[in-house]
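Q: Pasting query_26.txt below, which is compact mmCIF, C-alpha atoms and all ligand atoms.
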# COMPACT_ATOMS: atom_id res chain seq x y z
CA MET A 1 188.73 233.99 51.55
CA ALA A 2 191.03 236.96 51.23
CA LYS A 3 190.28 239.77 48.76
CA GLN A 4 193.22 241.87 47.64
CA ILE A 5 194.09 244.29 44.84
CA VAL A 6 197.50 244.72 43.20
CA MET A 7 198.35 247.84 41.16
CA LEU A 8 200.69 247.05 38.27
CA GLY A 9 202.43 249.26 35.71
CA PRO A 10 205.83 250.69 34.77
CA PRO A 11 207.61 253.40 36.79
CA GLY A 12 205.74 256.67 36.36
CA ALA A 13 202.52 255.06 35.07
CA GLY A 14 200.65 256.68 37.95
CA LYS A 15 200.31 253.68 40.27
CA GLY A 16 200.93 255.71 43.42
CA THR A 17 198.61 258.53 42.35
CA GLN A 18 195.76 256.15 41.53
CA ALA A 19 196.39 253.74 44.42
CA LYS A 20 195.98 256.53 46.98
CA MET A 21 192.64 257.56 45.45
CA LEU A 22 191.38 253.99 45.11
CA ALA A 23 192.42 252.93 48.61
CA GLU A 24 190.53 255.90 50.02
CA LYS A 25 187.44 255.00 47.99
CA LEU A 26 187.59 251.34 49.04
CA GLY A 27 188.48 252.08 52.67
CA VAL A 28 191.54 249.80 52.65
CA PRO A 29 195.19 250.64 53.43
CA HIS A 30 197.48 251.68 50.56
CA VAL A 31 200.69 249.71 50.96
CA SER A 32 203.50 250.92 48.67
CA SER A 33 206.79 249.02 48.81
CA GLY A 34 208.61 252.07 47.42
CA ASP A 35 207.15 254.34 50.13
CA ILE A 36 208.14 251.91 52.90
CA PHE A 37 211.69 251.69 51.53
CA ARG A 38 211.91 255.50 51.34
CA GLU A 39 210.61 255.92 54.93
CA ASN A 40 213.34 253.53 56.08
CA LEU A 41 215.91 255.35 54.00
CA ARG A 42 214.93 258.66 55.61
CA ALA A 43 215.12 257.14 59.08
CA GLN A 44 218.47 255.52 58.13
CA THR A 45 217.38 252.10 59.41
CA GLU A 46 219.42 249.05 58.42
CA LEU A 47 216.70 248.13 55.90
CA GLY A 48 216.74 251.66 54.49
CA ARG A 49 220.51 251.77 54.06
CA HIS A 50 220.50 248.35 52.40
CA ALA A 51 217.59 249.18 50.05
CA GLY A 52 218.99 252.62 49.21
CA VAL A 53 221.94 251.11 47.37
CA TYR A 54 219.60 249.39 44.90
CA ILE A 55 216.99 252.17 44.69
CA ASN A 56 219.50 254.86 43.75
CA ARG A 57 220.79 252.67 40.89
CA GLY A 58 217.27 251.92 39.65
CA GLU A 59 217.67 248.21 40.46
CA LEU A 60 215.24 246.04 42.43
CA VAL A 61 215.85 245.41 46.12
CA PRO A 62 216.50 241.64 46.60
CA ASP A 63 213.37 239.49 46.85
CA ASP A 64 214.06 238.06 50.33
CA VAL A 65 214.32 241.53 51.89
CA THR A 66 211.26 242.87 50.05
CA ILE A 67 209.08 239.85 50.75
CA ALA A 68 209.89 239.90 54.49
CA MET A 69 209.08 243.61 54.64
CA ILE A 70 205.69 243.24 52.92
CA ARG A 71 204.82 240.16 54.92
CA GLU A 72 205.34 242.09 58.14
CA ARG A 73 203.29 245.04 56.86
CA ILE A 74 200.26 243.11 55.63
CA SER A 75 200.15 240.93 58.71
CA ARG A 76 199.12 244.01 60.69
CA ARG A 77 195.54 244.32 61.86
CA ASP A 78 194.64 247.23 59.53
CA CYS A 79 194.99 244.88 56.52
CA ASN A 80 192.47 242.36 57.89
CA ASP A 81 189.72 243.65 55.59
CA GLY A 82 191.92 243.85 52.50
CA VAL A 83 194.79 245.86 51.11
CA LEU A 84 195.77 247.77 47.98
CA LEU A 85 199.32 246.81 47.05
CA ASP A 86 201.35 249.29 44.97
CA GLY A 87 204.78 248.27 43.66
CA PHE A 88 204.57 244.74 45.04
CA PRO A 89 204.79 242.10 43.65
CA ARG A 90 207.38 243.02 41.03
CA THR A 91 208.96 239.65 40.27
CA ALA A 92 207.64 236.12 39.75
CA ALA A 93 209.13 235.07 43.12
CA GLN A 94 207.33 237.95 44.87
CA ALA A 95 204.00 237.04 43.21
CA GLU A 96 204.33 233.45 44.40
CA ALA A 97 205.31 234.61 47.89
CA LEU A 98 202.27 236.92 47.96
CA ASP A 99 199.91 234.03 47.21
CA GLU A 100 201.47 232.03 50.01
CA MET A 101 201.47 234.84 52.54
CA LEU A 102 197.86 235.79 51.86
CA SER A 103 196.63 232.26 52.41
CA ASP A 104 198.84 231.85 55.51
CA LEU A 105 197.58 235.11 56.94
CA ASP A 106 193.96 234.23 56.06
CA LYS A 107 192.96 237.80 55.34
CA GLY A 108 189.34 238.95 55.32
CA GLN A 109 187.33 240.74 52.66
CA VAL A 110 187.69 244.18 51.14
CA VAL A 111 184.90 246.39 52.38
CA ALA A 112 183.78 247.90 49.10
CA VAL A 113 181.86 251.14 48.94
CA ALA A 114 180.07 250.22 45.73
CA GLU A 115 177.79 247.22 45.71
CA ALA A 116 178.83 246.44 42.14
CA LEU A 117 182.43 246.37 43.19
CA ASP A 118 181.60 243.99 46.00
CA GLU A 119 179.87 241.68 43.51
CA MET A 120 182.81 241.89 41.17
CA LEU A 121 185.15 240.95 44.00
CA SER A 122 183.02 237.89 44.83
CA ASP A 123 182.95 236.87 41.17
CA LEU A 124 186.66 237.17 40.86
CA ASP A 125 187.36 235.26 44.04
CA LYS A 126 189.48 232.62 42.38
CA GLY A 127 192.50 232.81 44.62
CA GLN A 128 193.99 235.45 46.78
CA VAL A 129 194.66 238.39 44.48
CA VAL A 130 191.30 239.36 43.00
CA ALA A 131 192.02 242.31 40.71
CA VAL A 132 195.15 243.68 39.08
CA PRO A 133 194.66 247.04 37.37
CA CYS A 134 197.68 247.45 35.07
CA ILE A 135 198.25 251.06 33.96
CA ILE A 136 199.73 251.38 30.46
CA VAL A 137 201.60 254.53 29.36
CA PRO A 138 204.08 255.11 26.45
CA GLU A 139 207.75 255.25 27.45
CA ASP A 140 208.42 258.87 26.44
CA VAL A 141 205.51 259.98 28.65
CA LEU A 142 206.87 257.92 31.58
CA ILE A 143 210.21 259.72 31.36
CA GLU A 144 208.52 263.13 31.21
CA ARG A 145 206.34 262.28 34.22
CA LEU A 146 209.18 261.00 36.38
CA THR A 147 211.72 263.71 35.67
CA GLY A 148 209.04 266.35 36.42
CA ARG A 149 207.73 264.67 39.57
CA ARG A 150 208.08 266.46 42.90
CA THR A 151 207.42 264.65 46.19
CA CYS A 152 206.54 266.07 49.60
CA ARG A 153 209.16 265.46 52.29
CA ALA A 154 206.74 265.09 55.17
CA GLN A 155 204.18 262.60 53.84
CA GLY A 156 205.10 261.70 50.26
CA HIS A 157 202.31 263.63 48.50
CA VAL A 158 203.04 263.61 44.76
CA PHE A 159 202.96 266.51 42.27
CA HIS A 160 204.23 267.23 38.76
CA ILE A 161 205.74 270.54 37.71
CA ALA A 162 203.56 270.66 34.56
CA PHE A 163 200.76 268.05 34.83
CA ASN A 164 199.81 268.39 38.49
CA PRO A 165 201.57 271.49 39.87
CA PRO A 166 201.27 272.63 43.50
CA VAL A 167 199.65 276.03 44.10
CA GLN A 168 203.00 277.42 45.24
CA ALA A 169 206.11 276.06 43.51
CA GLY A 170 208.21 273.85 45.79
CA VAL A 171 205.59 273.70 48.59
CA CYS A 172 203.16 270.84 49.32
CA ASP A 173 199.48 271.90 49.05
CA PHE A 174 198.47 269.48 51.80
CA ASP A 175 200.98 270.03 54.61
CA GLY A 176 203.18 272.95 53.52
CA SER A 177 206.37 270.89 53.56
CA GLU A 178 209.17 271.14 51.00
CA LEU A 179 208.81 269.36 47.65
CA TYR A 180 211.93 267.53 46.43
CA GLN A 181 213.02 265.54 43.41
CA ARG A 182 213.62 261.84 44.15
CA GLU A 183 217.22 260.75 43.60
CA ASP A 184 216.02 257.93 41.33
CA ASP A 185 214.07 260.34 39.10
CA THR A 186 217.03 261.36 36.92
CA VAL A 187 216.84 260.45 33.20
CA GLU A 188 219.61 257.86 33.57
CA THR A 189 218.08 256.05 36.55
CA VAL A 190 214.55 256.27 35.14
CA THR A 191 215.76 254.62 31.91
CA ASN A 192 217.28 251.78 33.95
CA ARG A 193 214.10 251.39 36.03
CA ILE A 194 212.03 251.03 32.84
CA ARG A 195 214.50 248.41 31.51
CA VAL A 196 214.29 246.50 34.80
CA TYR A 197 210.47 246.68 34.64
CA HIS A 198 210.42 245.05 31.18
CA GLU A 199 212.83 242.37 32.29
CA ARG A 200 211.49 241.46 35.74
CA THR A 201 207.91 242.72 36.10
CA GLN A 202 206.41 242.43 32.61
CA PRO A 203 206.12 238.62 33.03
CA LEU A 204 203.65 239.20 35.87
CA ILE A 205 201.20 240.59 33.33
CA ASP A 206 200.97 237.11 31.76
CA TYR A 207 200.83 235.51 35.21
CA TYR A 208 197.79 237.54 36.26
CA GLN A 209 196.22 237.49 32.78
CA GLN A 210 196.18 233.71 32.86
CA ARG A 211 194.35 233.89 36.18
CA GLY A 212 191.75 236.20 34.62
CA VAL A 213 192.33 239.07 37.07
CA LEU A 214 194.30 241.51 34.91
CA LEU A 215 192.55 244.80 33.98
CA GLU A 216 194.40 246.83 31.35
CA ILE A 217 193.96 250.57 31.93
CA ASP A 218 194.91 253.35 29.49
CA GLY A 219 197.04 255.58 31.72
CA ASN A 220 197.79 258.21 29.10
CA ARG A 221 194.87 260.42 30.12
CA PRO A 222 194.27 263.01 32.82
CA ILE A 223 194.43 261.68 36.39
CA GLU A 224 190.64 261.78 36.97
CA ALA A 225 189.96 260.02 33.64
CA VAL A 226 192.40 257.23 34.56
CA PHE A 227 190.67 256.87 37.94
CA ASP A 228 187.25 256.59 36.26
CA GLY A 229 188.76 253.99 33.92
CA ILE A 230 189.97 251.94 36.88
CA LEU A 231 186.61 252.13 38.66
CA SER A 232 184.77 251.16 35.47
CA ALA A 233 187.09 248.22 34.89
CA LEU A 234 186.69 247.08 38.51
CA THR A 235 182.93 247.26 38.40
CA GLY A 236 182.67 245.93 34.84
CA VAL A 237 180.76 249.03 33.65
P1 LIG A 301 208.50 252.76 43.58
O1 LIG A 301 208.42 253.89 44.50
O2 LIG A 301 207.46 251.69 43.64
O3 LIG A 301 208.67 253.36 42.12
P2 LIG A 301 208.07 252.92 40.70
O4 LIG A 301 207.37 251.63 40.55
O5 LIG A 301 209.24 253.11 39.83
O6 LIG A 301 206.90 253.83 40.54
P3 LIG A 301 206.90 255.35 40.76
O7 LIG A 301 206.61 255.67 42.20
O8 LIG A 301 208.15 255.95 40.22
O9 LIG A 301 205.74 255.79 39.79
P4 LIG A 301 204.16 255.63 39.91
O10 LIG A 301 203.69 254.65 38.90
O11 LIG A 301 203.73 255.40 41.33
O12 LIG A 301 203.76 257.07 39.41
P5 LIG A 301 203.20 258.35 40.22
O13 LIG A 301 201.80 258.12 40.63
O14 LIG A 301 204.16 258.81 41.27
O15 LIG A 301 209.91 252.01 43.74
C1 LIG A 301 211.12 252.72 43.83
C2 LIG A 301 212.26 251.73 43.97
O16 LIG A 301 212.10 250.95 45.18
C3 LIG A 301 212.40 250.70 42.85
O17 LIG A 301 213.12 251.19 41.74
C4 LIG A 301 213.14 249.57 43.58
O18 LIG A 301 214.51 249.86 43.71
C5 LIG A 301 212.51 249.60 44.96
N1 LIG A 301 211.35 248.71 45.06
C6 LIG A 301 210.06 249.09 45.27
N2 LIG A 301 209.26 248.01 45.29
C7 LIG A 301 210.05 246.93 45.09
C8 LIG A 301 209.80 245.54 44.98
N3 LIG A 301 208.56 245.04 45.08
N4 LIG A 301 210.85 244.72 44.76
C9 LIG A 301 212.10 245.20 44.67
N5 LIG A 301 212.41 246.50 44.74
C10 LIG A 301 211.40 247.36 44.95
O19 LIG A 301 203.20 259.41 39.00
C11 LIG A 301 204.42 259.83 38.41
C12 LIG A 301 204.32 261.34 38.05
O20 LIG A 301 203.35 261.50 37.01
C13 LIG A 301 203.87 262.23 39.21
O21 LIG A 301 204.53 263.46 39.12
C14 LIG A 301 202.35 262.43 38.97
O22 LIG A 301 201.88 263.67 39.45
C15 LIG A 301 202.28 262.36 37.45
N6 LIG A 301 201.06 261.73 36.96
C16 LIG A 301 200.44 260.64 37.46
N7 LIG A 301 199.37 260.32 36.73
C17 LIG A 301 199.30 261.23 35.71
C18 LIG A 301 198.42 261.44 34.62
N8 LIG A 301 197.36 260.64 34.41
N9 LIG A 301 198.66 262.49 33.77
C19 LIG A 301 199.73 263.30 33.97
N10 LIG A 301 200.60 263.17 35.00
C20 LIG A 301 200.39 262.15 35.87
Would you mind writing the file out in structure tokens?
Ligand code: AP5
A:
Amino acid sequence: MAKQIVMLGPPGAGKGTQAKMLAEKLGVPHVSSGDIFRENLRAQTELGRHAGVYINRGELVPDDVTIAMIRERISRRDCNDGVLLDGFPRTAAQAEALDEMLSDLDKGQVVAVAEALDEMLSDLDKGQVVAVPCIIVPEDVLIERLTGRRTCRAQGHVFHIAFNPPVQAGVCDFDGSELYQREDDTVETVTNRIRVYHERTQPLIDYYQQRGVLLEIDGNRPIEAVFDGILSALTGV
């Protein structure tokens, strides 16, 4: 039976930041729908040009396009032992499609570093998605985080001008590339993204809660404290 983790939370909650750390700890690929769209946008593929229209307005890319993209990504060999999904699913239709695609693809098990985590994953093996950490942060903090975010051009490393600044302003600590502000990180677009989240993604919280896999995480703490909170919730400590 497949074992998969979905990271849920509003824009700016810290899903990407935490997902990278958790995927590394668990030894599974971090698959971010937003990152894949942005890579395609940079490369000016047909998918990127199509998605860019929605992204820059703070709207969701249509379900059929998004589902096909994720299906292709998680059918690759590196996801055979599990995957950490960040930003997908985001609508009820995507959540249903994910259940279907995971059972069709018959994915294997997450190789967990901690024994306790492995046990937790077996206990929670009720379907396909086994754990859904949902990061909760007040709206004013989300806006502050997103408008101050800076992203690395080469590999998408994420910083914040006040909360997580690079050593040298405007330069990525990891690969020396330029840091830029995402086009959808303006106050106006961020406000729309948060509205869209409440409308389209909030219902997934009930969906996963009813399945007993939702883990509510207080995201209004320093990055390391949030990470410890996620690990504790996953291992039931
Ligand atoms: P996507 O890239 O997924 O954006 P998002 O969900 O809006 O999330 P963000 O990446 O903005 O925030 P995050 O929660 O990852 O926060 P981060 O860790 O960076 O999607 C972009 C667009 O693509 C969507 O609007 C949509 O158009 C489209 N799309 C994507 N998936 C789709 C789907 N499934 N269906 C349809 N359309 C889709 O942190 C934010 C900032 O805060 C950073 O600067 C960070 O350094 C800082 N920070 C993080 N944690 C903390 C902390 N604990 N304390 C202080 N600062 C912190």
Q: Dump the neighbourhood of ligand LIG 301 (chain A) as number ranges by chain: all residues within 7 Å, distances computed on all atoms listed in the file.
A: A: 9-18, 32-35, 37, 54-55, 58-63, 66, 86-90, 145-146, 148-150, 158-160, 163-164, 193, 219-223, 226
Q: Could you work out how far CA of Glu144 (chain A) lies from CA of Thr191 (chain A), giving the answer in Å with one decimal?
A: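 Interatomic distance, CA of Thr191 (chain A) to CA of Glu144 (chain A): 11.2 Å.
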Q: What is the distance between CA of Val65 (chain A) and CA of Leu98 (chain A), in Å to one decimal?
A: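 For CA of Val65 (chain A) relative to CA of Leu98 (chain A), the distance reads 13.5 Å.
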Q: Mind pulling up the distance from CA of Ala51 (chain A) to CA of Ile36 (chain A)?
A: 10.2 Å
Q: Kindly indicate which residue among A:Thr147, A:Ser103, A:Gln209, A:Gln4 lies nearest to Leu85 (chain A), using only C-alpha atoms for the distances.
A: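 So, comparing all the options, the nearest one is A:Gln4.
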Q: Mind checking which residues fall within 10 Å of region 170-176 of chain A, counting all atoms listed in the file, ignoring those fewer than 3 positions away in the same chain, and posting them as an MDAnalysis selection string?
A: chainID A and resid 150:159 161 165:167 179:181
Q: For a cutoff of 12 Å around the file-coordinate point (212.1, 248.8, 59.9), which residues qualify once you count only C-alpha atoms? I'd like the result as a compact mmCIF listing (two decimals) with C-alpha atoms, keeping the file's coordinate frame.
A:
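Contents of the output file result_4.txt:
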# COMPACT_ATOMS: atom_id res chain seq x y z
CA ILE A 36 208.14 251.91 52.90
CA PHE A 37 211.69 251.69 51.53
CA ARG A 38 211.91 255.50 51.34
CA GLU A 39 210.61 255.92 54.93
CA ASN A 40 213.34 253.53 56.08
CA LEU A 41 215.91 255.35 54.00
CA ARG A 42 214.93 258.66 55.61
CA ALA A 43 215.12 257.14 59.08
CA GLN A 44 218.47 255.52 58.13
CA THR A 45 217.38 252.10 59.41
CA GLU A 46 219.42 249.05 58.42
CA LEU A 47 216.70 248.13 55.90
CA GLY A 48 216.74 251.66 54.49
CA ARG A 49 220.51 251.77 54.06
CA HIS A 50 220.50 248.35 52.40
CA ALA A 51 217.59 249.18 50.05
CA VAL A 65 214.32 241.53 51.89
CA THR A 66 211.26 242.87 50.05
CA ALA A 68 209.89 239.90 54.49
CA MET A 69 209.08 243.61 54.64
CA ILE A 70 205.69 243.24 52.92
CA GLU A 72 205.34 242.09 58.14
CA ARG A 73 203.29 245.04 56.86
Q: Which is closer to Val83 (chain A) than all the others in A:Ile230, A:Val190, A:Leu102, A:Val213, using only C-alpha atoms?
A: A:Leu102
